[in-house]
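Below is the file entry15.txt, which contains compact mmCIF, C-alpha atoms and all ligand atoms.
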# COMPACT_ATOMS: atom_id res chain seq x y z
CA MET A 1314 -19.28 20.82 25.08
CA LYS A 1315 -20.24 18.15 22.58
CA LYS A 1316 -21.28 14.72 23.72
CA GLU A 1317 -18.51 12.13 24.25
CA MET A 1318 -19.32 9.31 21.87
CA ILE A 1319 -16.28 7.04 22.18
CA VAL A 1320 -14.06 6.90 25.25
CA ALA A 1321 -11.06 4.72 26.09
CA SER A 1322 -9.80 5.00 29.69
CA SER A 1323 -6.59 3.27 30.73
CA LEU A 1324 -7.57 0.62 28.23
CA CYS A 1325 -5.41 -2.50 28.28
CA VAL A 1326 -5.75 -5.63 26.17
CA CYS A 1327 -3.57 -8.71 26.61
CA PHE A 1328 -3.53 -11.79 24.41
CA ASP A 1329 -1.88 -14.72 26.16
CA GLN A 1330 1.34 -13.17 27.53
CA GLN A 1331 1.41 -10.24 25.07
CA THR A 1332 0.26 -6.75 26.06
CA VAL A 1333 -1.27 -5.35 22.87
CA LEU A 1334 -2.87 -2.20 24.32
CA ASP A 1335 -1.19 -0.63 27.29
CA GLY A 1336 -3.12 2.11 29.08
CA VAL A 1337 -4.74 3.82 26.11
CA ASP A 1338 -6.76 7.01 26.75
CA PHE A 1339 -8.72 9.10 24.29
CA LYS A 1340 -12.14 10.65 23.74
CA VAL A 1341 -14.03 11.24 20.52
CA ARG A 1342 -16.84 13.79 20.61
CA GLN A 1343 -19.89 13.96 18.43
CA GLY A 1344 -19.14 15.17 14.90
CA GLU A 1345 -15.42 14.49 15.23
CA VAL A 1346 -13.21 12.39 13.00
CA PHE A 1347 -10.60 10.66 15.15
CA ALA A 1348 -7.74 8.71 13.58
CA LEU A 1349 -5.71 6.18 15.47
CA LEU A 1350 -2.47 6.11 13.51
CA GLY A 1351 0.29 3.55 13.79
CA GLY A 1352 2.47 1.01 12.03
CA ASN A 1353 1.64 -2.64 11.49
CA GLY A 1354 1.07 -4.49 14.73
CA ALA A 1355 0.73 -1.30 16.81
CA GLY A 1356 -2.64 -2.50 18.13
CA LYS A 1357 -4.97 -0.35 16.01
CA SER A 1358 -7.42 -3.03 14.91
CA THR A 1359 -7.44 -4.47 18.42
CA ALA A 1360 -8.44 -1.06 19.79
CA LEU A 1361 -11.22 -0.79 17.24
CA LYS A 1362 -12.48 -4.29 18.04
CA THR A 1363 -12.79 -3.53 21.76
CA PHE A 1364 -15.45 -0.96 20.86
CA LEU A 1365 -17.33 -3.57 18.85
CA GLY A 1366 -17.14 -6.07 21.69
CA THR A 1367 -15.19 -8.66 19.73
CA VAL A 1368 -12.11 -8.13 21.93
CA SER A 1369 -12.50 -7.70 25.70
CA PRO A 1370 -10.49 -5.19 27.73
CA SER A 1371 -8.13 -6.85 30.24
CA SER A 1372 -8.38 -3.70 32.36
CA GLY A 1373 -9.57 -0.15 31.97
CA SER A 1374 -12.70 0.64 30.01
CA ALA A 1375 -14.11 1.24 26.55
CA ASN A 1376 -17.38 3.16 26.18
CA VAL A 1377 -19.54 3.98 23.21
CA LEU A 1378 -22.41 6.46 23.63
CA GLY A 1379 -21.71 6.46 27.35
CA ILE A 1380 -22.23 2.70 27.60
CA SER A 1381 -19.48 0.30 28.60
CA VAL A 1382 -18.74 -2.44 26.08
CA ASP A 1383 -18.95 -4.88 29.02
CA LYS A 1384 -22.57 -3.95 29.60
CA GLU A 1385 -24.90 -3.50 26.66
CA ILE A 1386 -22.89 -4.55 23.64
CA ASP A 1387 -26.00 -5.41 21.61
CA HIS A 1388 -27.30 -1.88 22.06
CA ILE A 1389 -23.90 -0.48 21.05
CA ARG A 1390 -23.81 -2.70 17.96
CA SER A 1391 -27.21 -1.41 16.89
CA LYS A 1392 -25.85 2.16 16.98
CA VAL A 1393 -22.56 1.72 15.19
CA ALA A 1394 -21.43 0.81 11.71
CA TYR A 1395 -18.21 -1.08 11.16
CA LEU A 1396 -16.32 -1.12 7.89
CA PRO A 1397 -13.58 -3.75 7.99
CA GLU A 1398 -10.56 -3.46 5.69
CA SER A 1399 -12.45 -5.28 3.03
CA VAL A 1400 -16.18 -4.69 3.04
CA MET A 1401 -18.06 -7.97 2.62
CA LEU A 1402 -21.32 -7.77 0.74
CA TYR A 1403 -22.98 -10.27 -1.56
CA GLY A 1404 -21.46 -10.18 -5.03
CA HIS A 1405 -24.47 -11.70 -6.75
CA LEU A 1406 -26.84 -9.04 -5.37
CA THR A 1407 -26.99 -5.44 -6.57
CA GLY A 1408 -26.04 -2.51 -4.35
CA VAL A 1409 -29.70 -1.72 -3.67
CA GLU A 1410 -30.49 -5.40 -2.98
CA ASN A 1411 -27.55 -5.77 -0.59
CA ILE A 1412 -28.68 -2.74 1.39
CA ALA A 1413 -32.30 -3.92 1.51
CA TYR A 1414 -31.14 -7.37 2.64
CA PHE A 1415 -28.89 -6.10 5.46
CA LEU A 1416 -31.57 -3.63 6.58
CA SER A 1417 -34.08 -6.49 6.76
CA LEU A 1418 -31.68 -8.43 9.00
CA ALA A 1419 -31.76 -5.43 11.34
CA ASP A 1420 -35.59 -5.31 11.08
CA ILE A 1421 -35.49 -2.00 9.24
CA THR A 1422 -37.67 -1.33 6.22
CA ARG A 1423 -36.76 1.40 3.75
CA SER A 1424 -38.27 2.07 0.37
CA GLU A 1425 -36.20 1.70 -2.78
CA HIS A 1426 -36.43 5.48 -3.11
CA GLU A 1427 -34.89 5.97 0.34
CA ILE A 1428 -32.09 3.54 -0.52
CA GLU A 1429 -31.41 5.41 -3.74
CA GLN A 1430 -31.33 8.71 -1.84
CA ALA A 1431 -28.65 7.28 0.46
CA LEU A 1432 -26.64 6.05 -2.54
CA LEU A 1433 -26.93 9.53 -4.02
CA ARG A 1434 -25.64 11.02 -0.77
CA VAL A 1435 -22.53 8.81 -0.77
CA ALA A 1436 -22.06 9.61 -4.49
CA LEU A 1437 -22.15 6.05 -5.74
CA GLN A 1438 -22.43 6.31 -9.51
CA LYS A 1439 -26.02 5.83 -10.56
CA ASN A 1440 -25.40 3.26 -13.29
CA SER A 1441 -24.10 0.78 -10.70
CA TRP A 1442 -27.00 0.90 -8.23
CA HIS A 1443 -28.79 -1.96 -9.93
CA ARG A 1444 -25.71 -3.94 -10.97
CA ALA A 1445 -24.30 -6.98 -9.22
CA MET A 1446 -21.75 -5.96 -6.62
CA SER A 1447 -19.21 -8.49 -7.88
CA ASN A 1448 -18.20 -5.76 -10.34
CA TYR A 1449 -17.81 -3.03 -7.70
CA SER A 1450 -14.41 -1.59 -6.82
CA LYS A 1451 -13.35 -1.33 -3.18
CA GLY A 1452 -14.34 2.34 -3.16
CA MET A 1453 -17.81 1.48 -4.47
CA ARG A 1454 -18.26 -1.24 -1.86
CA GLN A 1455 -17.28 1.21 0.84
CA LYS A 1456 -19.78 3.78 -0.39
CA THR A 1457 -22.49 1.13 -0.35
CA ALA A 1458 -21.59 0.14 3.21
CA ILE A 1459 -21.66 3.79 4.29
CA ALA A 1460 -25.07 4.25 2.64
CA LEU A 1461 -26.24 1.24 4.66
CA ALA A 1462 -24.90 2.87 7.84
CA LEU A 1463 -26.83 6.05 7.02
CA LEU A 1464 -30.04 4.10 6.46
CA ARG A 1465 -29.54 2.34 9.79
CA ASP A 1466 -29.20 5.79 11.41
CA ALA A 1467 -25.93 4.62 12.95
CA PRO A 1468 -24.43 7.75 14.56
CA VAL A 1469 -20.96 6.22 14.99
CA LEU A 1470 -18.72 4.80 12.24
CA PHE A 1471 -15.72 2.57 12.85
CA LEU A 1472 -13.39 2.23 9.87
CA ASP A 1473 -10.36 -0.07 9.64
CA GLU A 1474 -7.74 1.08 7.10
CA PRO A 1475 -10.45 2.64 4.92
CA THR A 1476 -8.15 4.07 2.27
CA SER A 1477 -5.76 1.17 1.75
CA GLY A 1478 -6.18 -0.16 -1.77
CA LEU A 1479 -8.10 2.89 -3.02
CA ASP A 1480 -6.82 4.89 -5.98
CA PRO A 1481 -6.15 8.62 -5.46
CA ASN A 1482 -9.54 9.71 -6.85
CA ALA A 1483 -11.36 7.23 -4.65
CA ILE A 1484 -9.35 8.48 -1.66
CA ASP A 1485 -10.36 12.09 -2.41
CA GLU A 1486 -14.00 11.06 -2.69
CA PHE A 1487 -13.77 9.07 0.52
CA ASN A 1488 -12.18 12.00 2.39
CA GLN A 1489 -14.89 14.32 1.11
CA LEU A 1490 -17.65 11.94 2.14
CA ILE A 1491 -16.30 11.41 5.66
CA THR A 1492 -15.82 15.16 6.13
CA THR A 1493 -19.43 15.79 5.05
CA LEU A 1494 -20.83 13.06 7.30
CA ALA A 1495 -18.96 14.49 10.29
CA LEU A 1496 -20.28 17.98 9.51
CA ASP A 1497 -23.75 16.43 9.47
CA GLY A 1498 -23.15 15.02 12.97
CA SER A 1499 -21.71 11.53 12.50
CA THR A 1500 -18.81 10.51 14.69
CA VAL A 1501 -15.98 8.70 12.93
CA PHE A 1502 -13.26 6.53 14.43
CA MET A 1503 -10.75 5.28 11.91
CA VAL A 1504 -7.54 3.35 12.25
CA THR A 1505 -4.89 3.78 9.62
CA HIS A 1506 -1.18 3.71 8.84
CA ASP A 1507 -1.64 6.52 6.29
CA VAL A 1508 -0.19 9.72 7.78
CA TYR A 1509 -1.26 11.95 4.92
CA GLY A 1510 -4.84 10.66 4.80
CA ALA A 1511 -5.25 10.98 8.56
CA CYS A 1512 -4.01 14.58 8.46
CA GLN A 1513 -6.44 15.38 5.63
CA ILE A 1514 -9.61 14.47 7.49
CA ALA A 1515 -9.01 13.97 11.20
CA HIS A 1516 -9.85 16.52 13.86
CA ARG A 1517 -7.52 14.62 16.15
CA ILE A 1518 -4.88 11.95 15.60
CA GLY A 1519 -3.66 9.61 18.30
CA LEU A 1520 -0.28 8.10 17.42
CA LEU A 1521 -0.19 4.50 18.63
CA ASN A 1522 3.11 2.68 19.05
CA LYS A 1523 3.44 -0.79 20.59
CA GLY A 1524 0.08 -0.39 22.29
CA LYS A 1525 0.70 3.06 23.76
CA ILE A 1526 -0.47 6.49 22.68
CA VAL A 1527 2.78 8.34 22.13
CA GLY A 1528 1.42 11.52 20.56
CA MET A 1529 -1.84 13.41 20.14
CA PHE A 1530 -2.32 15.97 17.37
CA GLU A 1531 -5.25 18.33 17.01
CA ARG A 1532 -6.30 20.47 14.11
CA GLY A 1533 -6.91 24.19 14.43
CA ASP A 1534 -10.20 25.85 13.55
CA ASN A 1535 -9.25 26.43 9.95
CA SER A 1536 -6.22 24.27 9.36
CA HIS A 1537 -5.43 20.62 8.91
CA ILE A 1538 -3.08 18.76 11.20
CA ASP A 1539 0.48 19.33 10.00
CA THR A 1540 1.51 16.32 7.91
CA GLU A 1541 5.23 16.85 8.35
CA GLU A 1542 4.99 17.06 12.12
CA VAL A 1543 2.99 13.84 12.32
CA HIS A 1544 5.20 12.12 9.76
CA ALA A 1545 8.30 12.99 11.77
CA ALA A 1546 6.76 11.64 14.98
CA PHE A 1547 5.51 8.53 13.19
CA SER A 1548 8.79 7.67 11.50
CA ALA A 1549 10.83 8.37 14.64
CA ARG A 1550 8.80 5.63 16.32
CA ASN A 1551 8.82 3.23 13.42
CA LYS A 1552 12.49 3.16 12.45
CA ARG A 1553 13.48 -0.23 11.12
N1 LIG A 1601 -6.81 -12.51 18.48
C1 LIG A 1601 -5.50 -12.36 18.72
N2 LIG A 1601 -4.80 -13.26 19.45
C2 LIG A 1601 -3.47 -13.08 19.70
N3 LIG A 1601 -2.78 -12.02 19.26
C3 LIG A 1601 -3.41 -11.10 18.53
C4 LIG A 1601 -4.81 -11.21 18.22
N4 LIG A 1601 -5.17 -10.12 17.48
C5 LIG A 1601 -4.05 -9.38 17.33
N5 LIG A 1601 -3.00 -9.96 17.96
C6 LIG A 1601 -1.64 -9.40 18.05
O1 LIG A 1601 -1.74 -8.09 18.56
C7 LIG A 1601 -0.82 -7.22 17.93
C8 LIG A 1601 -1.55 -6.02 17.36
O2 LIG A 1601 -2.40 -6.46 16.29
P1 LIG A 1601 -3.40 -5.47 15.56
O3 LIG A 1601 -4.28 -4.79 16.55
O4 LIG A 1601 -4.07 -6.25 14.48
O5 LIG A 1601 -2.40 -4.39 14.93
P2 LIG A 1601 -2.61 -3.30 13.79
O6 LIG A 1601 -4.06 -3.26 13.43
O7 LIG A 1601 -2.12 -2.02 14.39
O8 LIG A 1601 -1.74 -3.72 12.65
C9 LIG A 1601 -0.08 -8.06 16.90
O9 LIG A 1601 1.14 -8.45 17.46
C10 LIG A 1601 -1.00 -9.23 16.68
O10 LIG A 1601 -0.26 -10.37 16.32
MG MG A 1602 -5.03 -3.61 11.64

The structure given in the file should be rewritten as structure tokens.
Ligand SMILES: Nc1ncnc2c1ncn2[C@@H]1O[C@H](COP(=O)(O)OP(=O)(O)O)[C@@H](O)[C@H]1O
Ligand SMILES: [Mg+2]
Amino acid sequence: MKKEMIVASSLCVCFDQQTVLDGVDFKVRQGEVFALLGGNGAGKSTALKTFLGTVSPSSGSANVLGISVDKEIDHIRSKVAYLPESVMLYGHLTGVENIAYFLSLADITRSEHEIEQALLRVALQKNSWHRAMSNYSKGMRQKTAIALALLRDAPVLFLDEPTSGLDPNAIDEFNQLITTLALDGSTVFMVTHDVYGACQIAHRIGLLNKGKIVGMFERGDNSHIDTEEVHAAFSARNKR
């Protein structure tokens, strides 16, 4: 059995009087891509933030790498990479310079060659490596951030709505990259409202509605999760 990398147990989060997560349970094992799927306001980003320690559980627990977020959050943060909806890097620095800068903040030294190897791995087009990032598209910024995660040896990736605002080609490239990283042993937790995208890459999908997991879908050995089945469950819960 593969190692459990991310675990939520009876996880509840309340803000003021509002229950945003209500007894959420799931496990993500090493090398898995897990998608938490739900409509706007379902509590997806809140769930993600509990694993980063920026939101505290009201009850229940959230663990990363077997460590509770209440305990050693600094250690957890050193082992995970977080890509927010819009990746923030310095526009006036090049891709390579941004990576070198953020590595230096984490006290990690990598040669320019190693940085270029990582950019090659995420398939960032070569002619942009040494260009200012202000000209990068969202997809290019994401690739740069993932290259940074690889250079930090972060075994766990947290992604918030990674495909929103990407064009179809960039989505295909993103899906391919995430699938390859998971095959190479990375663990990926993404939150999304995109049914199709989740079905394309996730090993498991947890359907979140008003803070509760209302469905869990798992892919077979050689088949993707069925988009129509998930879509039907999603839209039944999100009728206007
Ligand atoms: N820091 C906060 N303080 C108070 N309410 C919040 C906070 N963050 C999120 N919420 C509320 O929690 C609910 C879920 O938000 P969120 O997790 O961002 O949803 P999602 O990412 O699924 O769209 C929303 O009703 C939102 O207004
Ligand atoms: Mg969100």

Could you give me, as a CSV table (one decimal) with C-alpha atoms, keeping the file's coordinate frame, every polymer residue with an atom at most 10 Å away from an atom of ligand MG 1602 (chain A), counting only C-alpha atoms and all ligand atoms?
chain,number,residue,atom,x,y,z
A,1351,GLY,CA,0.3,3.6,13.8
A,1352,GLY,CA,2.5,1.0,12.0
A,1353,ASN,CA,1.6,-2.6,11.5
A,1354,GLY,CA,1.1,-4.5,14.7
A,1355,ALA,CA,0.7,-1.3,16.8
A,1356,GLY,CA,-2.6,-2.5,18.1
A,1357,LYS,CA,-5.0,-0.4,16.0
A,1358,SER,CA,-7.4,-3.0,14.9
A,1359,THR,CA,-7.4,-4.5,18.4
A,1360,ALA,CA,-8.4,-1.1,19.8
A,1361,LEU,CA,-11.2,-0.8,17.2
A,1362,LYS,CA,-12.5,-4.3,18.0
A,1397,PRO,CA,-13.6,-3.8,8.0
A,1398,GLU,CA,-10.6,-3.5,5.7
A,1473,ASP,CA,-10.4,-0.1,9.6
A,1474,GLU,CA,-7.7,1.1,7.1
A,1504,VAL,CA,-7.5,3.4,12.2
A,1505,THR,CA,-4.9,3.8,9.6
A,1506,HIS,CA,-1.2,3.7,8.8

Within 12 Å of region 1429-1445 of chain A, which residues of region 1370-1404 of chain A come that close, and what is the closest atom pair and distance in Å for each? Count only C-alpha atoms and give it as a tab-separated table.
residue	atom	partner	partner_atom	distance
A:Leu1402	CA	A:Ala1445	CA	10.4
A:Tyr1403	CA	A:Ala1445	CA	8.4
A:Gly1404	CA	A:Ala1445	CA	6.0

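From CA of Gln1331 (chain A) back to atom C6 of ligand LIG 1601 (chain A), the distance works out to 7.7 Å.
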
d(CA of Met1529 (chain A), CA of Arg1517 (chain A)) in Å: 7.0 Å

Just how far from CA of Asn1448 (chain A) is CA of Leu1406 (chain A), in Å to one decimal?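 Rounded to one decimal, the two atoms are 10.5 Å apart.
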
Counting all atoms listed in the file, the residue among A:Phe1471, A:Gly1498, A:Gly1524, A:Asp1485 that lies closest to Lys1315 (chain A) is A:Gly1498

Using all atoms listed in the file, find the one residue out of A:His1537, A:Arg1532, A:Arg1390, A:Arg1342 that sits nearest to Tyr1509 (chain A).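 Result for the nearest residue to Tyr1509 (chain A): A:His1537.
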
Take the point (-0.1, 0.6, 23.2) as written in the file and pick out every residue within 10 Å of it, counting only C-alpha atoms; give the list as a compact mmCIF listing (two decimals) with C-alpha atoms, in the coordinates of the input.
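Written output follows (point.txt):
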# COMPACT_ATOMS: atom_id res chain seq x y z
CA LEU A 1324 -7.57 0.62 28.23
CA CYS A 1325 -5.41 -2.50 28.28
CA VAL A 1326 -5.75 -5.63 26.17
CA THR A 1332 0.26 -6.75 26.06
CA VAL A 1333 -1.27 -5.35 22.87
CA LEU A 1334 -2.87 -2.20 24.32
CA ASP A 1335 -1.19 -0.63 27.29
CA GLY A 1336 -3.12 2.11 29.08
CA VAL A 1337 -4.74 3.82 26.11
CA ASP A 1338 -6.76 7.01 26.75
CA GLY A 1351 0.29 3.55 13.79
CA GLY A 1354 1.07 -4.49 14.73
CA ALA A 1355 0.73 -1.30 16.81
CA GLY A 1356 -2.64 -2.50 18.13
CA LYS A 1357 -4.97 -0.35 16.01
CA ALA A 1360 -8.44 -1.06 19.79
CA LEU A 1520 -0.28 8.10 17.42
CA LEU A 1521 -0.19 4.50 18.63
CA ASN A 1522 3.11 2.68 19.05
CA LYS A 1523 3.44 -0.79 20.59
CA GLY A 1524 0.08 -0.39 22.29
CA LYS A 1525 0.70 3.06 23.76
CA ILE A 1526 -0.47 6.49 22.68
CA VAL A 1527 2.78 8.34 22.13

Find the residues around region 1343-1346 of chain A up to 8 Å (only C-alpha atoms counted), leave out those fewer than 4 positions away in its own chain, and share them as JSON, numbers by chain. {"A": [1315, 1316, 1317, 1318, 1492, 1495, 1496, 1497, 1498, 1499, 1500, 1501, 1502, 1503, 1514, 1515, 1516, 1517]}
